[in-house]
Amino acid sequence: MVSRMKRQFDPILLWQIAVGVLLLGGWELVGWLSGGVWTSRPTLIAAKLAQWFQGSIYINIATTLTEVITGLLLGSAAGVLAGLVLGRSPVAAGIMRPIIVAFYSIPLVALAPLFIMFFGLDMLPKIVLTTIVVFFLLFFNTFAGATSVDDDLIAQVELMGSTGVEKFRKVVAPACMVWIIGGIRTALPYALVAATTGEMLAARRGLGFLLSDAASQFDMTSLYSALFILMLLGLAVAEAANWGERYLLRWRHAAG
Amino acid sequence: MPRVELANVNKTFVTRDREVQALQPTDLTVEAQEFVALVGPSGCGKSTILNMIAGLLQPSGGVVRYDGAPVEGVNRQVGYMTQKDTLLPWRSAADNIRISLELKCRAVPRRASDARVAQMIDLVGLGGFERHYPAELSGGMRKRVALARTLIYEPETLLMDEPFGALDAQLKLLMLDQLQELTQQRRMTVVFVTHDLGEAITLADRVVVFSARPGRIRAIRPVNMPRPRDVFRIRFTEEFAHLHEALWDELKDEVARGTDV
């Protein structure tokens, strides 16, 4: 395992700042020279962001986050459960897995229009879409984990007299934790994609709605601002995942 | 009634393209509270016998009985310390040792289990390493954690597959002493697989010598020295030397034949 380098003040950071400043400066210059109709300008975007953060943006961020988090919770719970059960039951897996694979072959965001018709314009269709996307990713990961649990570990607790449930709780589930965490990490950006895609199609609130609304009015500054917030959200979500992984899998990092 | 009985038991493994006979038809009985050591070259079916007593493997022919009843499925009367240490990597040493006490069939309250875990940690000399994860322990330490985990719930019968292979000589003697004391105190029956003749003579009531693969019993020798024995000095006694010689005579051809396995 690669131990993370202690972050000291190093020249890399200086270079990163320099490149960032250069990119933004270049963008500003291009926007300024071309009139900025399509490119907008970093300074305009900053001003727009400042204005949004006076009040109007919070409800949109909250909407998208609610959809993402609810979808993650529901989808993970269902996906992990299905993965564990099918992973440890060859008969059930034989019946269900081809069906699940078939459903997974549908490009899932293509289901968005269907859900909007079913569930309306509010958060529900986006939550359903996010849940389904997350479900599949967690299912396949957990399934792979559950089928690869070391049988010797299971035999040990069986010899000790464990019940079937205990075998699951004490061995199978923790042994799958690496796979589940991996699944959640993969699922996080997809959850964000699913929620915003749903919002872009039809919504009244949310960052995806801001995006499509800005685009329909050729308001490039708002569009880039919304993208910027989505980028921050994506980074925050990934960082949260890192943090959660370090905690839950601390036994793996222990060896160093 | 013997505690463990193998009647005409044999085992053939089927791999992709061929069959390998691991154990020829074998009869063996182990009485309650007896300590039996199985010695023999690698691949002679010793571990296979333990697996069948534990109910993790079914014999290809014959029958394995425990307390007179055929072993069908996992045998919960035995504690099994396998050759590979099967510690749960996400649990600390103490929590690995504790796991059997957490199960519903025992449900030892936390405070009582803490005390017993501390006692076991002490017994196997792992004080200070309670909170280490298996990945942070040496091979010998992991073996001792596995030993403590098997002993803590005091199974009626202990199956041990080269439990002390990874330990240095001094520590091994200490462990043998502890094992002897504990198994006598708790009146456990033990079936013990080892490469080490000295270890076998030191601990066992009977030593069973196996031939090279396909394994069969080549000789059974009683160890006529009263238990408990002084594990630190017994190897300097005359009986020990005689027995060691006699057993080595049985074993040496088999080891020579077994090395090309």
# chains A, B, ... in the order shown; residues from 1 in each chain; ligands from 1
>>> closest_atom_pairs(of="chain B", to="chain A", cutoff="8 Å", atoms="only C-alpha atoms", output="tab-separated table")
residue	atom	partner	partner_atom	distance
B:Ala54	CA	A:Leu159	CA	7.6
B:Leu56	CA	A:Ala155	CA	7.4
B:Val74	CA	A:Leu159	CA	6.2
B:Asn75	CA	A:Leu159	CA	6.2
B:Arg76	CA	A:Leu159	CA	4.8
B:Gln77	CA	A:Leu159	CA	7.6
B:Val78	CA	A:Leu159	CA	6.8
B:Gly79	CA	A:Leu159	CA	6.5
B:Tyr80	CA	A:Gln156	CA	7.4
B:Thr86	CA	A:Leu153	CA	5.6
B:Leu87	CA	A:Leu153	CA	7.2
B:Leu88	CA	A:Leu153	CA	7.1
B:Pro89	CA	A:Trp251	CA	7.0
B:Trp90	CA	A:Trp251	CA	5.3
B:Arg91	CA	A:Trp251	CA	7.5
B:Ser100	CA	A:Met160	CA	5.9
B:Leu103	CA	A:Ser162	CA	6.0
B:Lys104	CA	A:Ser162	CA	7.3
B:Cys105	CA	A:Gly161	CA	6.6
B:Tyr133	CA	A:Trp251	CA	6.2
B:Ala135	CA	A:Ala255	CA	5.6
B:Glu136	CA	A:Ala255	CA	5.2
>>> write_last_selection(atoms="N, CA and C atoms", output="PDB file, in the first residue's frame")
ATOM      1  N   ALA B  54     -13.663 -32.607  11.037  1.00  0.00           N
ATOM      2  CA  ALA B  54     -14.369 -31.333  11.226  1.00  0.00           C
ATOM      3  C   ALA B  54     -15.643 -31.263  10.389  1.00  0.00           C
ATOM      4  N   LEU B  56     -15.705 -30.698   7.210  1.00  0.00           N
ATOM      5  CA  LEU B  56     -15.544 -29.748   6.105  1.00  0.00           C
ATOM      6  C   LEU B  56     -15.316 -30.481   4.783  1.00  0.00           C
ATOM      7  N   VAL B  74     -20.926 -29.628   9.095  1.00  0.00           N
ATOM      8  CA  VAL B  74     -19.909 -29.073   9.998  1.00  0.00           C
ATOM      9  C   VAL B  74     -20.049 -29.636  11.413  1.00  0.00           C
ATOM     10  N   ASN B  75     -18.943 -30.107  11.956  1.00  0.00           N
ATOM     11  CA  ASN B  75     -18.933 -30.717  13.284  1.00  0.00           C
ATOM     12  C   ASN B  75     -18.659 -29.656  14.342  1.00  0.00           C
ATOM     13  N   ARG B  76     -19.702 -29.286  15.062  1.00  0.00           N
ATOM     14  CA  ARG B  76     -19.571 -28.158  15.991  1.00  0.00           C
ATOM     15  C   ARG B  76     -18.994 -28.533  17.343  1.00  0.00           C
ATOM     16  N   GLN B  77     -18.657 -29.803  17.506  1.00  0.00           N
ATOM     17  CA  GLN B  77     -18.034 -30.208  18.767  1.00  0.00           C
ATOM     18  C   GLN B  77     -16.529 -29.942  18.730  1.00  0.00           C
ATOM     19  N   VAL B  78     -15.998 -29.658  17.539  1.00  0.00           N
ATOM     20  CA  VAL B  78     -14.551 -29.519  17.442  1.00  0.00           C
ATOM     21  C   VAL B  78     -14.149 -28.062  17.240  1.00  0.00           C
ATOM     22  N   GLY B  79     -12.985 -27.735  17.760  1.00  0.00           N
ATOM     23  CA  GLY B  79     -12.328 -26.476  17.421  1.00  0.00           C
ATOM     24  C   GLY B  79     -11.193 -26.845  16.486  1.00  0.00           C
ATOM     25  N   TYR B  80     -11.024 -26.074  15.417  1.00  0.00           N
ATOM     26  CA  TYR B  80     -10.082 -26.470  14.379  1.00  0.00           C
ATOM     27  C   TYR B  80      -9.105 -25.328  14.149  1.00  0.00           C
ATOM     28  N   THR B  86      -6.706 -18.497   9.736  1.00  0.00           N
ATOM     29  CA  THR B  86      -7.908 -17.923   9.134  1.00  0.00           C
ATOM     30  C   THR B  86      -8.436 -16.803  10.024  1.00  0.00           C
ATOM     31  N   LEU B  87      -7.559 -15.855  10.356  1.00  0.00           N
ATOM     32  CA  LEU B  87      -8.005 -14.712  11.150  1.00  0.00           C
ATOM     33  C   LEU B  87      -8.818 -13.776  10.265  1.00  0.00           C
ATOM     34  N   LEU B  88      -9.746 -13.074  10.884  1.00  0.00           N
ATOM     35  CA  LEU B  88     -10.526 -12.094  10.141  1.00  0.00           C
ATOM     36  C   LEU B  88      -9.710 -10.803  10.078  1.00  0.00           C
ATOM     37  N   PRO B  89      -9.311 -10.382   8.866  1.00  0.00           N
ATOM     38  CA  PRO B  89      -8.347  -9.278   8.767  1.00  0.00           C
ATOM     39  C   PRO B  89      -8.878  -7.942   9.278  1.00  0.00           C
ATOM     40  N   TRP B  90     -10.201  -7.814   9.373  1.00  0.00           N
ATOM     41  CA  TRP B  90     -10.761  -6.531   9.802  1.00  0.00           C
ATOM     42  C   TRP B  90     -10.957  -6.464  11.313  1.00  0.00           C
ATOM     43  N   ARG B  91     -10.590  -7.539  12.006  1.00  0.00           N
ATOM     44  CA  ARG B  91     -10.718  -7.526  13.458  1.00  0.00           C
ATOM     45  C   ARG B  91      -9.339  -7.484  14.097  1.00  0.00           C
ATOM     46  N   SER B 100     -15.811 -16.164  19.049  1.00  0.00           N
ATOM     47  CA  SER B 100     -16.688 -17.281  19.402  1.00  0.00           C
ATOM     48  C   SER B 100     -17.598 -16.934  20.577  1.00  0.00           C
ATOM     49  N   LEU B 103     -21.015 -15.201  19.720  1.00  0.00           N
ATOM     50  CA  LEU B 103     -22.086 -15.928  19.034  1.00  0.00           C
ATOM     51  C   LEU B 103     -23.223 -16.261  19.993  1.00  0.00           C
ATOM     52  N   LYS B 104     -24.406 -16.329  19.412  1.00  0.00           N
ATOM     53  CA  LYS B 104     -25.614 -16.538  20.201  1.00  0.00           C
ATOM     54  C   LYS B 104     -25.545 -17.812  21.047  1.00  0.00           C
ATOM     55  N   CYS B 105     -24.878 -18.833  20.492  1.00  0.00           N
ATOM     56  CA  CYS B 105     -24.858 -20.107  21.219  1.00  0.00           C
ATOM     57  C   CYS B 105     -24.058 -20.008  22.512  1.00  0.00           C
ATOM     58  N   TYR B 133      -4.048  -5.237  14.124  1.00  0.00           N
ATOM     59  CA  TYR B 133      -4.748  -6.036  13.123  1.00  0.00           C
ATOM     60  C   TYR B 133      -3.817  -7.140  12.633  1.00  0.00           C
ATOM     61  N   ALA B 135      -2.712  -7.988   9.839  1.00  0.00           N
ATOM     62  CA  ALA B 135      -1.690  -7.558   8.891  1.00  0.00           C
ATOM     63  C   ALA B 135      -0.483  -6.933   9.589  1.00  0.00           C
ATOM     64  N   GLU B 136      -0.681  -6.516  10.838  1.00  0.00           N
ATOM     65  CA  GLU B 136       0.421  -5.877  11.560  1.00  0.00           C
ATOM     66  C   GLU B 136       1.201  -6.863  12.418  1.00  0.00           C
TER      67      GLU B 136
END
>>> select_by_dssp(residues="region 52-221 of chain A", states="alpha helix (DSSP H)", output="PyMOL selection string")
chain A and resi 52+56-88+90-104+112-119+123-147+151-159+164-167+173-201+207-216+220-221
>>> write_last_selection(atoms="C-alpha atoms", output="compact mmCIF listing (two decimals), in the first residue's frame")
# COMPACT_ATOMS: atom_id res chain seq x y z
CA TRP A 52 -26.23 33.54 -6.16
CA SER A 56 -31.05 31.98 -4.50
CA ILE A 57 -28.53 29.19 -4.94
CA TYR A 58 -29.04 27.33 -1.68
CA ILE A 59 -32.41 25.85 -2.54
CA ASN A 60 -30.99 24.51 -5.80
CA ILE A 61 -27.96 22.96 -4.15
CA ALA A 62 -30.16 21.48 -1.43
CA THR A 63 -32.49 19.99 -4.05
CA THR A 64 -29.72 18.29 -5.99
CA LEU A 65 -27.97 17.12 -2.84
CA THR A 66 -31.19 15.70 -1.43
CA GLU A 67 -31.76 13.73 -4.62
CA VAL A 68 -28.18 12.47 -4.69
CA ILE A 69 -28.06 11.50 -1.02
CA THR A 70 -31.50 9.88 -0.93
CA GLY A 71 -30.72 7.97 -4.11
CA LEU A 72 -27.37 6.88 -2.72
CA LEU A 73 -28.88 5.65 0.54
CA LEU A 74 -31.77 3.76 -1.05
CA GLY A 75 -29.75 2.43 -3.98
CA SER A 76 -26.82 1.32 -1.82
CA ALA A 77 -29.04 -0.41 0.71
CA ALA A 78 -30.94 -2.31 -1.98
CA GLY A 79 -27.85 -3.05 -4.05
CA VAL A 80 -25.80 -4.33 -1.11
CA LEU A 81 -28.66 -6.48 0.16
CA ALA A 82 -29.33 -7.98 -3.27
CA GLY A 83 -25.61 -8.50 -3.88
CA LEU A 84 -25.08 -10.26 -0.55
CA VAL A 85 -28.10 -12.52 -0.90
CA LEU A 86 -27.51 -13.48 -4.54
CA GLY A 87 -23.77 -13.69 -4.00
CA ARG A 88 -24.21 -16.35 -1.32
CA PRO A 90 -26.15 -19.79 -6.26
CA VAL A 91 -29.74 -20.78 -7.04
CA ALA A 92 -31.17 -17.30 -6.53
CA ALA A 93 -28.22 -15.87 -8.44
CA GLY A 94 -28.84 -18.25 -11.33
CA ILE A 95 -32.42 -17.04 -11.61
CA MET A 96 -32.02 -13.33 -10.94
CA ARG A 97 -28.63 -12.34 -12.27
CA PRO A 98 -29.42 -12.59 -16.01
CA ILE A 99 -32.53 -10.48 -15.44
CA ILE A 100 -30.54 -7.85 -13.58
CA VAL A 101 -27.86 -7.85 -16.28
CA ALA A 102 -30.53 -7.40 -18.92
CA PHE A 103 -31.96 -4.37 -17.12
CA TYR A 104 -28.50 -2.95 -16.64
CA ALA A 112 -35.39 9.58 -17.13
CA PRO A 113 -38.25 10.63 -19.44
CA LEU A 114 -40.23 7.60 -18.30
CA PHE A 115 -39.83 8.44 -14.64
CA ILE A 116 -40.73 12.06 -15.25
CA MET A 117 -43.99 10.90 -16.81
CA PHE A 118 -44.60 8.52 -13.92
CA PHE A 119 -43.55 10.68 -11.01
CA MET A 123 -37.60 15.40 -6.76
CA LEU A 124 -39.16 11.95 -6.90
CA PRO A 125 -38.27 10.98 -10.50
CA LYS A 126 -34.66 12.09 -9.96
CA ILE A 127 -34.47 10.13 -6.73
CA VAL A 128 -35.81 7.05 -8.51
CA LEU A 129 -33.30 7.43 -11.33
CA THR A 130 -30.39 7.99 -8.95
CA THR A 131 -31.47 5.04 -6.82
CA ILE A 132 -31.52 2.73 -9.82
CA VAL A 133 -28.11 3.84 -11.09
CA VAL A 134 -26.61 3.39 -7.62
CA PHE A 135 -28.38 0.08 -7.11
CA PHE A 136 -26.76 -1.54 -10.14
CA LEU A 137 -23.25 -0.38 -9.31
CA LEU A 138 -23.54 -1.54 -5.71
CA PHE A 139 -25.19 -4.78 -6.70
CA PHE A 140 -22.43 -5.85 -9.09
CA ASN A 141 -19.68 -4.88 -6.67
CA THR A 142 -21.22 -6.53 -3.65
CA PHE A 143 -22.07 -9.64 -5.67
CA ALA A 144 -18.44 -9.98 -6.75
CA GLY A 145 -17.38 -9.52 -3.13
CA ALA A 146 -19.85 -12.01 -1.71
CA THR A 147 -18.88 -14.74 -4.18
CA ASP A 151 -14.63 -20.22 2.55
CA ASP A 152 -12.10 -21.05 5.27
CA LEU A 153 -13.13 -17.96 7.20
CA ILE A 154 -16.76 -19.00 6.99
CA ALA A 155 -15.91 -22.56 8.03
CA GLN A 156 -14.20 -21.24 11.15
CA VAL A 157 -17.25 -19.45 12.51
CA GLU A 158 -19.48 -22.36 11.48
CA LEU A 159 -17.31 -24.70 13.56
CA GLY A 164 -26.65 -18.42 9.35
CA VAL A 165 -27.33 -14.80 10.24
CA GLU A 166 -24.18 -14.57 12.34
CA LYS A 167 -22.14 -16.02 9.49
CA ALA A 173 -20.69 -8.60 5.23
CA PRO A 174 -17.38 -7.29 6.61
CA ALA A 175 -15.45 -9.28 4.00
CA CYS A 176 -17.52 -7.52 1.31
CA MET A 177 -16.87 -4.11 2.84
CA VAL A 178 -13.89 -3.45 0.55
CA TRP A 179 -16.09 -4.13 -2.47
CA ILE A 180 -19.01 -2.15 -1.12
CA ILE A 181 -16.86 0.89 -0.43
CA GLY A 182 -15.41 0.55 -3.92
CA GLY A 183 -18.94 0.43 -5.31
CA ILE A 184 -20.00 3.53 -3.41
CA ARG A 185 -16.95 5.43 -4.64
CA THR A 186 -17.81 4.53 -8.21
CA ALA A 187 -21.46 5.32 -7.63
CA LEU A 188 -20.95 8.83 -6.22
CA PRO A 189 -20.18 10.63 -9.50
CA TYR A 190 -22.83 8.58 -11.29
CA ALA A 191 -25.39 9.60 -8.68
CA LEU A 192 -24.56 13.23 -9.38
CA VAL A 193 -24.87 12.62 -13.13
CA ALA A 194 -28.22 10.87 -12.71
CA ALA A 195 -29.71 13.60 -10.52
CA THR A 196 -28.56 16.49 -12.73
CA THR A 197 -29.60 14.71 -15.93
CA GLY A 198 -33.08 14.25 -14.49
CA GLU A 199 -33.18 17.91 -13.53
CA MET A 200 -32.04 19.04 -16.96
CA LEU A 201 -34.93 17.21 -18.60
CA LEU A 207 -28.37 22.57 -10.34
CA GLY A 208 -29.34 20.64 -13.46
CA PHE A 209 -32.34 22.91 -13.82
CA LEU A 210 -30.11 26.00 -13.47
CA LEU A 211 -27.89 24.57 -16.17
CA SER A 212 -30.61 23.90 -18.73
CA ASP A 213 -32.43 27.11 -17.84
CA ALA A 214 -29.27 29.14 -18.42
CA ALA A 215 -28.60 27.33 -21.67
CA SER A 216 -32.08 27.97 -22.99
CA MET A 220 -23.35 31.64 -20.53
CA THR A 221 -22.24 33.23 -17.28
>>> closest_residue(among="B:Leu197, B:Ile217, B:Leu137, B:Leu151", to="Thr183 (chain B)", atoms="only C-alpha atoms")
B:Leu151
>>> residues_around(residues="Glu31 (chain B)", least_positions_apart="5", cutoff="10 Å", atoms="only C-alpha atoms", output="PyMOL selection string")
chain B and resi 1-5+36+67+189-190
>>> write_last_selection(atoms="C-alpha atoms", output="short mmCIF file (atom, residue, chain, number, x, y, z; two decimals), in the first residue's frame")
data_model
loop_
_atom_site.label_atom_id
_atom_site.label_comp_id
_atom_site.auth_asym_id
_atom_site.auth_seq_id
_atom_site.Cartn_x
_atom_site.Cartn_y
_atom_site.Cartn_z
CA MET B 1 -17.38 -45.48 22.56
CA PRO B 2 -14.45 -43.68 20.94
CA ARG B 3 -14.74 -39.93 20.56
CA VAL B 4 -13.54 -40.03 16.96
CA GLU B 5 -13.61 -43.05 14.72
CA VAL B 36 -3.09 -38.23 19.28
CA ASP B 67 -19.32 -39.95 19.53
CA THR B 189 -9.48 -34.55 23.15
CA VAL B 190 -6.75 -33.51 20.72
#
>>> select_by_dssp(residues="region 34-210 of chain B", states="strand (DSSP E)", output="PyMOL selection string")
chain B and resi 35-39+61-66+69-70+78-81+157-161+189-194+206-210
>>> residues_around(residues="region 36-44 of chain A", least_positions_apart="5", cutoff="9 Å", atoms="only C-alpha atoms", output="number ranges by chain")
A: 24-25, 27-31, 49, 218-221, 224
>>> write_last_selection(atoms="C-alpha atoms", output="PDB file, in the first residue's frame")
ATOM      1  CA  LEU A  24      -8.070  31.674 -15.708  1.00  0.00           C
ATOM      2  CA  GLY A  25      -6.072  34.649 -17.002  1.00  0.00           C
ATOM      3  CA  TRP A  27      -9.853  32.650 -20.283  1.00  0.00           C
ATOM      4  CA  GLU A  28     -10.393  36.209 -19.032  1.00  0.00           C
ATOM      5  CA  LEU A  29      -8.319  37.575 -21.916  1.00  0.00           C
ATOM      6  CA  VAL A  30     -10.133  35.538 -24.571  1.00  0.00           C
ATOM      7  CA  GLY A  31     -13.491  36.539 -23.111  1.00  0.00           C
ATOM      8  CA  LEU A  49     -21.599  33.234  -7.994  1.00  0.00           C
ATOM      9  CA  PHE A 218     -27.990  31.725 -23.798  1.00  0.00           C
ATOM     10  CA  ASP A 219     -26.900  32.977 -20.387  1.00  0.00           C
ATOM     11  CA  MET A 220     -23.354  31.643 -20.528  1.00  0.00           C
ATOM     12  CA  THR A 221     -22.238  33.229 -17.276  1.00  0.00           C
ATOM     13  CA  TYR A 224     -20.516  28.261 -16.268  1.00  0.00           C
TER      14      TYR A 224
END
>>> residues_around(residues="region 63-66 of chain B", least_positions_apart="4", cutoff="7 Å", atoms="only C-alpha atoms", output="PyMOL selection string")
chain B and resi 3-9+53+59+70-71
>>> decode(residues="region 144-164 of chain B", atoms="N, CA and C atoms", output="mmCIF file, in the first residue's frame")
data_model
loop_
_atom_site.group_PDB
_atom_site.id
_atom_site.type_symbol
_atom_site.label_atom_id
_atom_site.label_comp_id
_atom_site.auth_asym_id
_atom_site.auth_seq_id
_atom_site.Cartn_x
_atom_site.Cartn_y
_atom_site.Cartn_z
ATOM 1 N N ARG B 144 -0.399 -17.619 17.100
ATOM 2 C CA ARG B 144 -0.773 -17.600 18.510
ATOM 3 C C ARG B 144 -2.162 -16.997 18.708
ATOM 4 N N VAL B 145 -2.486 -15.995 17.881
ATOM 5 C CA VAL B 145 -3.848 -15.454 17.953
ATOM 6 C C VAL B 145 -4.846 -16.559 17.592
ATOM 7 N N ALA B 146 -4.524 -17.308 16.523
ATOM 8 C CA ALA B 146 -5.419 -18.384 16.098
ATOM 9 C C ALA B 146 -5.547 -19.450 17.189
ATOM 10 N N LEU B 147 -4.438 -19.726 17.859
ATOM 11 C CA LEU B 147 -4.481 -20.704 18.954
ATOM 12 C C LEU B 147 -5.399 -20.210 20.075
ATOM 13 N N ALA B 148 -5.197 -18.955 20.468
ATOM 14 C CA ALA B 148 -6.018 -18.384 21.530
ATOM 15 C C ALA B 148 -7.493 -18.385 21.135
ATOM 16 N N ARG B 149 -7.757 -18.073 19.864
ATOM 17 C CA ARG B 149 -9.136 -18.035 19.391
ATOM 18 C C ARG B 149 -9.778 -19.424 19.470
ATOM 19 N N THR B 150 -8.969 -20.461 19.223
ATOM 20 C CA THR B 150 -9.522 -21.811 19.260
ATOM 21 C C THR B 150 -9.694 -22.306 20.689
ATOM 22 N N LEU B 151 -8.755 -21.930 21.553
ATOM 23 C CA LEU B 151 -8.815 -22.432 22.929
ATOM 24 C C LEU B 151 -9.870 -21.730 23.762
ATOM 25 N N ILE B 152 -10.167 -20.476 23.438
ATOM 26 C CA ILE B 152 -10.964 -19.663 24.359
ATOM 27 C C ILE B 152 -12.358 -20.240 24.585
ATOM 28 N N TYR B 153 -12.919 -20.901 23.576
ATOM 29 C CA TYR B 153 -14.278 -21.408 23.800
ATOM 30 C C TYR B 153 -14.279 -22.872 24.213
ATOM 31 N N GLU B 154 -13.092 -23.395 24.491
ATOM 32 C CA GLU B 154 -12.942 -24.714 25.085
ATOM 33 C C GLU B 154 -13.763 -25.791 24.389
ATOM 34 N N PRO B 155 -13.493 -25.996 23.101
ATOM 35 C CA PRO B 155 -14.220 -27.058 22.405
ATOM 36 C C PRO B 155 -13.857 -28.414 22.996
ATOM 37 N N GLU B 156 -14.787 -29.341 22.866
ATOM 38 C CA GLU B 156 -14.592 -30.681 23.420
ATOM 39 C C GLU B 156 -13.371 -31.351 22.798
ATOM 40 N N THR B 157 -13.232 -31.152 21.477
ATOM 41 C CA THR B 157 -12.120 -31.758 20.753
ATOM 42 C C THR B 157 -11.377 -30.687 19.978
ATOM 43 N N LEU B 158 -10.060 -30.746 20.044
ATOM 44 C CA LEU B 158 -9.224 -29.796 19.317
ATOM 45 C C LEU B 158 -8.594 -30.500 18.123
ATOM 46 N N LEU B 159 -8.718 -29.900 16.951
ATOM 47 C CA LEU B 159 -7.982 -30.372 15.788
ATOM 48 C C LEU B 159 -6.933 -29.313 15.492
ATOM 49 N N MET B 160 -5.684 -29.728 15.408
ATOM 50 C CA MET B 160 -4.629 -28.735 15.192
ATOM 51 C C MET B 160 -3.723 -29.190 14.067
ATOM 52 N N ASP B 161 -3.537 -28.295 13.108
ATOM 53 C CA ASP B 161 -2.738 -28.622 11.933
ATOM 54 C C ASP B 161 -1.455 -27.798 11.959
ATOM 55 N N GLU B 162 -0.390 -28.400 12.386
ATOM 56 C CA GLU B 162 0.900 -27.725 12.517
ATOM 57 C C GLU B 162 0.781 -26.350 13.153
ATOM 58 N N PRO B 163 0.251 -26.325 14.362
ATOM 59 C CA PRO B 163 -0.029 -25.016 14.963
ATOM 60 C C PRO B 163 1.216 -24.217 15.294
ATOM 61 N N PHE B 164 2.343 -24.897 15.502
ATOM 62 C CA PHE B 164 3.517 -24.161 15.986
ATOM 63 C C PHE B 164 4.648 -24.115 14.975
#
